[in-house]
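Quick notes on the structure that follows.
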Amino acid sequence: MNDPKYTGQEFKVVGTRVKRPDGLDKVTGRARYGADMSAPGQLVGLMLRSPHAHARIKKIDASKAEKLAGVKAVITSADLPDLTGGNSGLYDTLENCMARDRALYDGHAVAGVAAIDRTTAKKALKLIKVTYEKLPHVTDVDEALNDDAPIVQPRYAQDGRHGNLINKGEFGHGDIDKGFAEADVIVERSYKTGQTHQGYIEPHACLASVSPDGTGELWVTTQGHFAYRNNCAQLLGMDIAKLKVTSSEIGGGFGGKTHVWMEPIALALSRKANRPVKMVMSREEVFKASGPTCSTSMDIKIGAKKDGTIVAARAECRYMNGAFPGMWGTLGGMTAFACYNIANNKAIGVNVLCNRPKVAAYRAPSAPMMAFGVESTIDQLAKELGTDPVELRLKNVAKEGTLAPYGPVWGPIGIEPTLEAVRDHPHMRAKLGKNQGRGVACGFWFNIGGQTCSDLNIGPDGTVNLTVGTIDVGGARASLALIAAEELGIAYEDVRTNIGDTSSLGHNDTTEGSRGTFSSGMATIFAARKAIDVLKERAAKMWQIPVEAVTWEDGSAHAVGNEHDNLSPLTLKDIAKKAGNTGGPIAGHHEATADGAGVSFASHIVDVEVDPETGKTTILRYTVVQDAGKAIHPDYVEGQFQGAAAQGIGWALNEEYIYGEDGRLQNGAFLDYRMPVCSDLPSIDTKILEIPNPSHPYGIRGVGETSIVPPLGAIGNAVSNAVGVRMYEVPMSPPRILKALDDASA
Amino acid sequence: MAGVHVTTTINNDPVEYVCPADESLLDVLRDNLGLTGVKEGCGTGDCGACSVTLDGQLVCACLVLGAEAEGRTITTVEGMADGEKLHPLQEQFINNAALQCGICTPGFLIAAKALLDENLSPTETEIRYALAGNLCRCTGYDKIVKAVQAAAKDLRKQNKKKK
Ligand code: FES
Ligand code: FES
């Protein structure tokens with residue numbers, strides 16, 4: 001599927017579809033995830049959670065629970081002094097881990113228990129008496145900005161702006177008033193998107209153990225064990241170096257495992273009980289108290305000349321952050337018009353608080369909602385202009401040299417090639433039947449780099465241990481081993497990649513922003529090159545010639561120059577075997593802040609059929625085209641594209657948090673929060689483009705996130721084309737579609 | 001609570017345990033017997049991560065009581081390979097990159113095996129419906145379906161050879 005048109009470099013092993021090193025353990029049940037570890041004498045930890053959307057906690061009486069036989073510790077906020085030293089973000093984390101004076105959402109933790117078994121722990125939870133005073137609540141992002149809305153976090157309220165409005169991020173350039181004045185056609189519409197959950201199948205889980213000497217260990221499913229370590233240590237007053245955090249195999253994260261949730265409480269319970277404590281969230285807890293994304297409400301306005309030149313665009317999107325402020329609106333604002341070259345554009349992302357759980361990142365966080373509004377509006381603009389929606393996009397597409405709405409000038413980027421590939425794809429010419437429609441949409445994601453280090457150690461037999469500090473959620477160990485093998489010139493099978501715990505490497509930023517393979521790949525390349533320098537020195541020693549006369553090629557040291565003709569090459573294995581005599585173990589290490597993450601673009605095509613009787617939408621065919629920069633392991637790149645598209649399909653059609661009048665979540669289970677199953681989806685076709693990222697030695701861009709951005713807009717366009725009525729709200733669930741059809745015929 | 005004494009067969013081994021009457025088979029397998037290859041994604045029968053077979057019948061271990069295993073035969077993912085030799089499904093899941101995070105994999109393998117034990121030539125639609133009780137959030141299912149098709153082909157070939 002690779003398109004050689006854009007490929008630059010020649011690779012030997014990079015780009016091949018090798019077996020992943022952790023595959024065997026994962027198909028035999030041997031791999032150990034968050035909940036699969038145990039320790040001698042471990043206790044079961046459980047959390048008591050608020051049944052109210054918003055309530056003052058007047059009193060917590062845990063005395064009966066504490067007296068129950070088998071209960072070893074009970075924790076409330078009284079056991080968690082504020083050690084955050086005025087760091088408001090950290091204070092938010094503390095308050096989210098356990099409510100202090102007020103419970104801020106349905107499911108907010110108010111007390112934790114550790115007991116000898118689950119039955120006892122459950123009994124203890126029932127014995128804790130919490131006296132609440134219910135307070136008015138708000139769970140809708142628009143209602144939260146009404147004058148009479150209850151204020152979620154008075155400490156963030158400031159004179160002169162609404163107490164629930166945290167801030168606005170504004171991006172763009174040009175003069176939009178002037179631009180709209182020049183436009184012949186203007187389309188202005190409002191949209192809404194529901195709140196969705198990342199939906200990882202593995203619930204949050206950890207095993208915490210703190211000793212009386214102040215040292216601790218945490219085994220946890222996380223995307224960032226270094227961040228977890230730092231946060232837990234700071235919140236509990238521990239020395240960072242004395243807390244060792246090991247990342248388990250991770251059963252999906254998608255951004256939801258980038259923040260601590262109950263882990264500091266597990267450590268606090270362990271410290272108080274002086275025994276290891278295991279905590280595993282139930283699915284209901286995962287839904288109610290961890291990581292959903294924002295719901296949104298937005299207004300989009302786009303204006304064009306008759307010839308299809310878009311002259312002005314404005315977006316304002318309100319992002320519901322839950323009970324604690326985030327940067328979600330700001331991120332969304334940056335992405336709004338990134339696919340296009342628009343002379344006058346402005347995007348505003350507004351961060352709003354509600355009585356819902358603290359929002360966490362969800363795969364290209366904040367971009368899919370904005371893209372739903374923008375891509376839906378562009379299709380309507382095309383209709384008014386009487387032009388083809390793909391041609392309209394191509395006419396206004398961003399290219400190398402275009403000023404991006406959030407500041408940079410684009411280098412080589414892939415949006416135009418993905419749109420061209422869509423235009424030329426046979427999918428676009430397939431026949432459609434009755435009640436069927438086709439939609440196209442584009443998406444953008446930044447990708448990030450960040451702090452990274454890797455350690456490459458060559459064993460006495462010449463096999464290689466690569467230790468990295470970014471976690472592997474879907475094949476990264478295979479990709480990184482491919483990179484190390486490529487650099488060293490050895491076989492893939494001779495490299496074993498391990499994820500180091502926090503005591504074995506320097507700080508590594510959390511694996512988010514599709515940074516894992518990009519940044520650890522970069523650190524691995526440079527660590528390998530350093531190891532090659534050492535290997536050359538050792539070969540020079542073995543030959544007793546100057547190191548300048550040694551080169552490294554195809555996994556061997558070669559002596560150059562006529563005078564060394566008699567020296568046959570030394571393989572990595574030959575040199576490794578003799579390492580003890582030539583200076584000791586051979587290793588390469590690299591640490592850096594990886595700059596130059598390559599932005600990534602995708603364009604998707606989808607065909608749907610809508611049943612006008614029931615309002616049910618079936619996805620008939622789906623095609624993803626995305627720029628990967630360089631696909632290190634194409635299977636797992638395709639897998640990322642397909643998985644992201646599937647999540648987007650769920651978001652577009654079914655998934656949403658439903659809150660009742662009482663402010664409580666009504667569908668905190670997989671049965672009622674319905675994610676796509678196998679029979680809901682067709683095979684998702686993928687096309688990988690490779691437009692190398694000039695800032696990475698192999699041209700890698702992040703690949704994991706971008707393809708969740710287009711589906712909402714693409715499916716919105718397809719459904720609207722199928723039924724002839726525009727959809728303004730996601731998810732486009734059967735009742736919403738039926739209502740739109742009814743409204744249109746009325 | 002008084003415990004229930006259970007004698008059963010798990011992955012061809014005779015096993016005895018005592019469990020509280022209200023303890024799920026999933027908790028027994030994971031917590032009492034150390035078979036942590038059986039995963040818990042929901043505990044309510046909605047995700048299939050805990051799939052095992054009970055007398056050859058595909059069930060969610062979270063919906064079965066430990067006490068119900070008395071005198072029955074259970075197979076978990078740990079019992080799928082024949083010693084070092086992987087079951088064709090396991091082999092093809094690796095070859096086809098049918099797993100990303102892998103938390104759903106044990107459940108899919110067991111569910112797919114239950115399908116192929118009944119029907120060695122399922123259509124794509126039959127595969128998709130047979131696996132509809134298992135959630136995977138990472139893959140979009142495409143590579144899982146391809147892996148099951150490839151394993152079915154392998155098994156058909158094996159059967160031909162035997163005959
Ligand atoms: S854990 Fe049994 S079905 Fe989800
Ligand atoms: S591979 Fe992650 S849930 Fe299926």
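Scheme for the structure tokens: letters A, B, ... for chains in order shown; per-chain residue numbers from 1; ligand numbers from 1 in order shown.
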Nearby residues (only C-alpha atoms) at most 6 Å from range 86-101 of chain B, same-chain spacing under 5 positions excluded, as a list in words: Gly23, Val27, Gly251, Gly252, Val473 and Gly474 of chain A; Ala81, Lys143, Ile144, Ala147 and Ala151 of chain B
Name the residues of range 96-297 of chain A that fall into helix (DSSP H, G or I) according to DSSP on the backbone, using the chain letters and numbers of this document, as an NGL selection string. :A and (96-97 or 118-127 or 143-145 or 154-156 or 176-182 or 225-236 or 240-242 or 263-273 or 283-289)
Skipping near chain neighbours, those fewer than 3 positions away, what residues fall within 8 Å of range 123-130 of chain A using only C-alpha atoms, listed as a PDB file with C-alpha atoms, in the first residue's frame?
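Everything below was put into part-v8.pdb:
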```
ATOM      1  CA  LEU A  46     -11.817   0.363  47.068  1.00  0.00           C
ATOM      2  CA  MET A  47     -13.136   3.872  46.709  1.00  0.00           C
ATOM      3  CA  LEU A  48     -16.319   5.451  48.055  1.00  0.00           C
ATOM      4  CA  ILE A  57     -19.196  17.432  52.287  1.00  0.00           C
ATOM      5  CA  LYS A  58     -20.184  18.405  55.800  1.00  0.00           C
ATOM      6  CA  LYS A  59     -18.864  15.394  57.649  1.00  0.00           C
ATOM      7  CA  ILE A  60     -17.315  11.994  57.040  1.00  0.00           C
ATOM      8  CA  ASP A  61     -17.625   9.460  59.860  1.00  0.00           C
ATOM      9  CA  ALA A  62     -15.448   6.443  59.136  1.00  0.00           C
ATOM     10  CA  SER A  63     -15.219   5.159  62.685  1.00  0.00           C
ATOM     11  CA  LYS A  64     -17.487   2.122  62.122  1.00  0.00           C
ATOM     12  CA  ALA A  65     -15.597   1.150  58.971  1.00  0.00           C
ATOM     13  CA  GLU A  66     -12.277   1.447  60.718  1.00  0.00           C
ATOM     14  CA  LEU A  68     -14.647  -3.607  61.066  1.00  0.00           C
ATOM     15  CA  VAL A  71     -10.113  -3.239  57.517  1.00  0.00           C
ATOM     16  CA  VAL A 113     -10.584   1.769  52.065  1.00  0.00           C
ATOM     17  CA  THR A 119     -16.050  -8.552  50.598  1.00  0.00           C
ATOM     18  CA  THR A 120     -14.684  -6.809  53.682  1.00  0.00           C
TER      19      THR A 120
END
```
Residues near Glu548 in chain A, cut-off 10 Å, only C-alpha atoms, skip fewer than 6 positions along chain, as a PyMOL selection string: chain A and resi 536-537+540+559-560
Just the selected residues (N, CA, C and O atoms), exported as a PDB file, in the first residue's frame, please.
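Contents of out39.pdb, as written:
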```pdb
ATOM      1  N   LYS A 536      33.448   0.949  16.735  1.00  0.00           N
ATOM      2  CA  LYS A 536      34.570   1.255  15.834  1.00  0.00           C
ATOM      3  C   LYS A 536      35.872   1.394  16.621  1.00  0.00           C
ATOM      4  O   LYS A 536      36.922   0.896  16.211  1.00  0.00           O
ATOM      5  N   GLU A 537      35.773   2.050  17.775  1.00  0.00           N
ATOM      6  CA  GLU A 537      36.976   2.180  18.617  1.00  0.00           C
ATOM      7  C   GLU A 537      37.508   0.809  19.020  1.00  0.00           C
ATOM      8  O   GLU A 537      38.709   0.554  19.002  1.00  0.00           O
ATOM      9  N   ALA A 540      39.155  -0.919  16.177  1.00  0.00           N
ATOM     10  CA  ALA A 540      40.475  -0.318  15.948  1.00  0.00           C
ATOM     11  C   ALA A 540      41.493  -0.900  16.931  1.00  0.00           C
ATOM     12  O   ALA A 540      42.623  -1.235  16.572  1.00  0.00           O
ATOM     13  N   ALA A 559      38.052  -2.076   7.884  1.00  0.00           N
ATOM     14  CA  ALA A 559      39.279  -1.277   7.904  1.00  0.00           C
ATOM     15  C   ALA A 559      39.481  -0.731   6.500  1.00  0.00           C
ATOM     16  O   ALA A 559      39.430  -1.486   5.522  1.00  0.00           O
ATOM     17  N   VAL A 560      39.640   0.580   6.405  1.00  0.00           N
ATOM     18  CA  VAL A 560      39.795   1.175   5.072  1.00  0.00           C
ATOM     19  C   VAL A 560      41.258   1.512   4.808  1.00  0.00           C
ATOM     20  O   VAL A 560      42.041   1.734   5.734  1.00  0.00           O
TER      21      VAL A 560
END
```
Chain A contacts on chain B, only C-alpha atoms, 6 Å, as a PyMOL selection string: chain B and resi 36-37+41-42+46+77-78+90+94+100-103+128-129+132+135+138-142
Would you output that residue set with all heavy atoms, as a compact mmCIF listing (two decimals), in the first residue's frame?
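Full text of selection09.txt as output:
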```
# COMPACT_ATOMS: atom_id res chain seq x y z
N THR B 36 -4.42 -15.33 35.10
CA THR B 36 -4.70 -13.92 34.81
C THR B 36 -4.73 -13.63 33.31
O THR B 36 -4.90 -12.49 32.91
CB THR B 36 -3.66 -13.01 35.49
OG1 THR B 36 -2.36 -13.47 35.10
CG2 THR B 36 -3.78 -13.05 36.99
N GLY B 37 -4.56 -14.66 32.49
CA GLY B 37 -4.78 -14.47 31.06
C GLY B 37 -6.24 -14.17 30.76
O GLY B 37 -6.56 -13.57 29.74
N GLY B 41 -12.90 -6.72 31.71
CA GLY B 41 -13.07 -5.39 31.14
C GLY B 41 -14.28 -4.68 31.68
O GLY B 41 -14.39 -3.46 31.60
N CYS B 42 -15.23 -5.47 32.21
CA CYS B 42 -16.47 -4.82 32.64
C CYS B 42 -17.12 -5.52 33.84
O CYS B 42 -17.73 -4.87 34.66
CB CYS B 42 -17.47 -4.75 31.49
SG CYS B 42 -18.08 -6.36 30.96
N ASP B 46 -20.51 -7.54 29.12
CA ASP B 46 -20.63 -6.69 27.94
C ASP B 46 -19.39 -6.60 27.06
O ASP B 46 -19.45 -6.00 25.99
CB ASP B 46 -21.01 -5.26 28.36
CG ASP B 46 -22.32 -5.23 29.12
OD1 ASP B 46 -23.26 -5.91 28.68
OD2 ASP B 46 -22.39 -4.54 30.16
N VAL B 77 -7.54 -19.15 27.81
CA VAL B 77 -6.50 -18.87 26.82
C VAL B 77 -5.20 -19.60 27.17
O VAL B 77 -4.46 -20.02 26.29
CB VAL B 77 -6.25 -17.35 26.70
CG1 VAL B 77 -5.59 -16.78 27.96
CG2 VAL B 77 -5.42 -17.02 25.47
N GLU B 78 -4.97 -19.80 28.46
CA GLU B 78 -3.75 -20.50 28.88
C GLU B 78 -3.72 -21.94 28.38
O GLU B 78 -2.66 -22.56 28.34
CB GLU B 78 -3.61 -20.48 30.41
CG GLU B 78 -3.20 -19.13 31.00
CD GLU B 78 -4.38 -18.28 31.45
OE1 GLU B 78 -5.52 -18.53 31.00
OE2 GLU B 78 -4.16 -17.34 32.25
N GLN B 90 -3.79 -18.41 17.48
CA GLN B 90 -2.76 -17.62 18.18
C GLN B 90 -1.68 -17.18 17.19
O GLN B 90 -1.25 -16.02 17.16
CB GLN B 90 -2.15 -18.45 19.31
CG GLN B 90 -3.15 -18.76 20.42
CD GLN B 90 -2.59 -19.74 21.44
OE1 GLN B 90 -2.14 -20.83 21.09
NE2 GLN B 90 -2.61 -19.37 22.71
N ILE B 94 -0.82 -13.15 15.73
CA ILE B 94 0.49 -12.48 15.69
C ILE B 94 0.83 -12.10 14.26
O ILE B 94 1.19 -10.95 13.98
CB ILE B 94 1.59 -13.40 16.27
CG1 ILE B 94 1.30 -13.74 17.74
CG2 ILE B 94 2.95 -12.72 16.15
CD1 ILE B 94 2.32 -14.69 18.36
N GLN B 100 -3.32 -4.95 19.18
CA GLN B 100 -2.49 -3.78 19.47
C GLN B 100 -2.14 -3.83 20.95
O GLN B 100 -1.07 -4.29 21.32
CB GLN B 100 -3.20 -2.51 19.06
CG GLN B 100 -3.15 -2.29 17.55
CD GLN B 100 -3.88 -1.06 17.11
OE1 GLN B 100 -3.92 -0.06 17.80
NE2 GLN B 100 -4.47 -1.12 15.93
N CYS B 101 -3.06 -3.41 21.82
CA CYS B 101 -2.73 -3.49 23.25
C CYS B 101 -2.81 -4.92 23.75
O CYS B 101 -2.13 -5.29 24.69
CB CYS B 101 -3.64 -2.58 24.06
SG CYS B 101 -5.27 -3.26 24.41
N GLY B 102 -3.67 -5.72 23.15
CA GLY B 102 -3.73 -7.14 23.49
C GLY B 102 -4.63 -7.51 24.66
O GLY B 102 -4.75 -8.69 24.98
N ILE B 103 -5.29 -6.54 25.28
CA ILE B 103 -6.10 -6.90 26.45
C ILE B 103 -7.34 -7.69 26.04
O ILE B 103 -7.84 -8.53 26.78
CB ILE B 103 -6.50 -5.62 27.26
CG1 ILE B 103 -7.04 -5.99 28.64
CG2 ILE B 103 -7.54 -4.79 26.53
CD1 ILE B 103 -6.01 -6.15 29.69
N ARG B 128 -17.93 -11.88 11.87
CA ARG B 128 -18.23 -10.61 12.54
C ARG B 128 -19.33 -10.77 13.58
O ARG B 128 -19.27 -10.17 14.66
CB ARG B 128 -18.56 -9.52 11.52
CG ARG B 128 -17.33 -9.06 10.74
CD ARG B 128 -17.60 -7.85 9.85
NE ARG B 128 -16.35 -7.43 9.21
CZ ARG B 128 -15.49 -6.56 9.73
NH1 ARG B 128 -15.76 -5.98 10.89
NH2 ARG B 128 -14.38 -6.25 9.09
N TYR B 129 -20.35 -11.57 13.27
CA TYR B 129 -21.42 -11.76 14.25
C TYR B 129 -20.98 -12.66 15.40
O TYR B 129 -21.34 -12.43 16.55
CB TYR B 129 -22.71 -12.25 13.57
CG TYR B 129 -23.47 -11.07 13.00
CD1 TYR B 129 -23.25 -10.64 11.69
CD2 TYR B 129 -24.35 -10.34 13.79
CE1 TYR B 129 -23.89 -9.52 11.18
CE2 TYR B 129 -25.01 -9.22 13.30
CZ TYR B 129 -24.78 -8.82 11.98
OH TYR B 129 -25.42 -7.71 11.51
N ALA B 132 -19.19 -10.57 17.89
CA ALA B 132 -19.84 -9.31 18.27
C ALA B 132 -19.98 -9.15 19.78
O ALA B 132 -20.28 -8.07 20.27
CB ALA B 132 -21.20 -9.20 17.59
N LEU B 135 -15.46 -6.83 22.75
CA LEU B 135 -15.08 -5.47 22.39
C LEU B 135 -13.58 -5.37 22.18
O LEU B 135 -12.79 -5.89 22.97
CB LEU B 135 -15.46 -4.50 23.51
CG LEU B 135 -16.94 -4.15 23.65
CD1 LEU B 135 -17.14 -3.31 24.91
CD2 LEU B 135 -17.43 -3.40 22.42
N CYS B 138 -8.96 -1.03 20.04
CA CYS B 138 -7.73 -0.59 19.36
C CYS B 138 -7.74 -0.81 17.86
O CYS B 138 -7.19 -0.01 17.13
CB CYS B 138 -6.53 -1.34 19.92
SG CYS B 138 -6.21 -1.06 21.66
N THR B 139 -8.26 -1.94 17.39
CA THR B 139 -7.95 -2.37 16.02
C THR B 139 -8.98 -2.02 14.97
O THR B 139 -8.68 -2.09 13.78
CB THR B 139 -7.82 -3.91 15.97
OG1 THR B 139 -9.09 -4.46 16.31
CG2 THR B 139 -6.77 -4.40 16.94
N GLY B 140 -10.20 -1.70 15.38
CA GLY B 140 -11.25 -1.54 14.37
C GLY B 140 -11.66 -2.88 13.77
O GLY B 140 -12.39 -2.91 12.79
N TYR B 141 -11.18 -3.99 14.34
CA TYR B 141 -11.58 -5.37 14.05
C TYR B 141 -11.07 -5.94 12.73
O TYR B 141 -11.08 -7.15 12.52
CB TYR B 141 -13.11 -5.55 14.11
CG TYR B 141 -13.73 -5.12 15.42
CD1 TYR B 141 -14.43 -3.92 15.54
CD2 TYR B 141 -13.57 -5.90 16.56
CE1 TYR B 141 -14.98 -3.52 16.75
CE2 TYR B 141 -14.12 -5.52 17.77
CZ TYR B 141 -14.83 -4.32 17.87
OH TYR B 141 -15.37 -3.93 19.06
N ASP B 142 -10.65 -5.10 11.80
CA ASP B 142 -10.31 -5.59 10.46
C ASP B 142 -9.26 -6.69 10.51
O ASP B 142 -9.42 -7.76 9.91
CB ASP B 142 -9.80 -4.40 9.63
CG ASP B 142 -9.52 -4.80 8.20
OD1 ASP B 142 -10.44 -5.31 7.56
OD2 ASP B 142 -8.37 -4.63 7.75
```
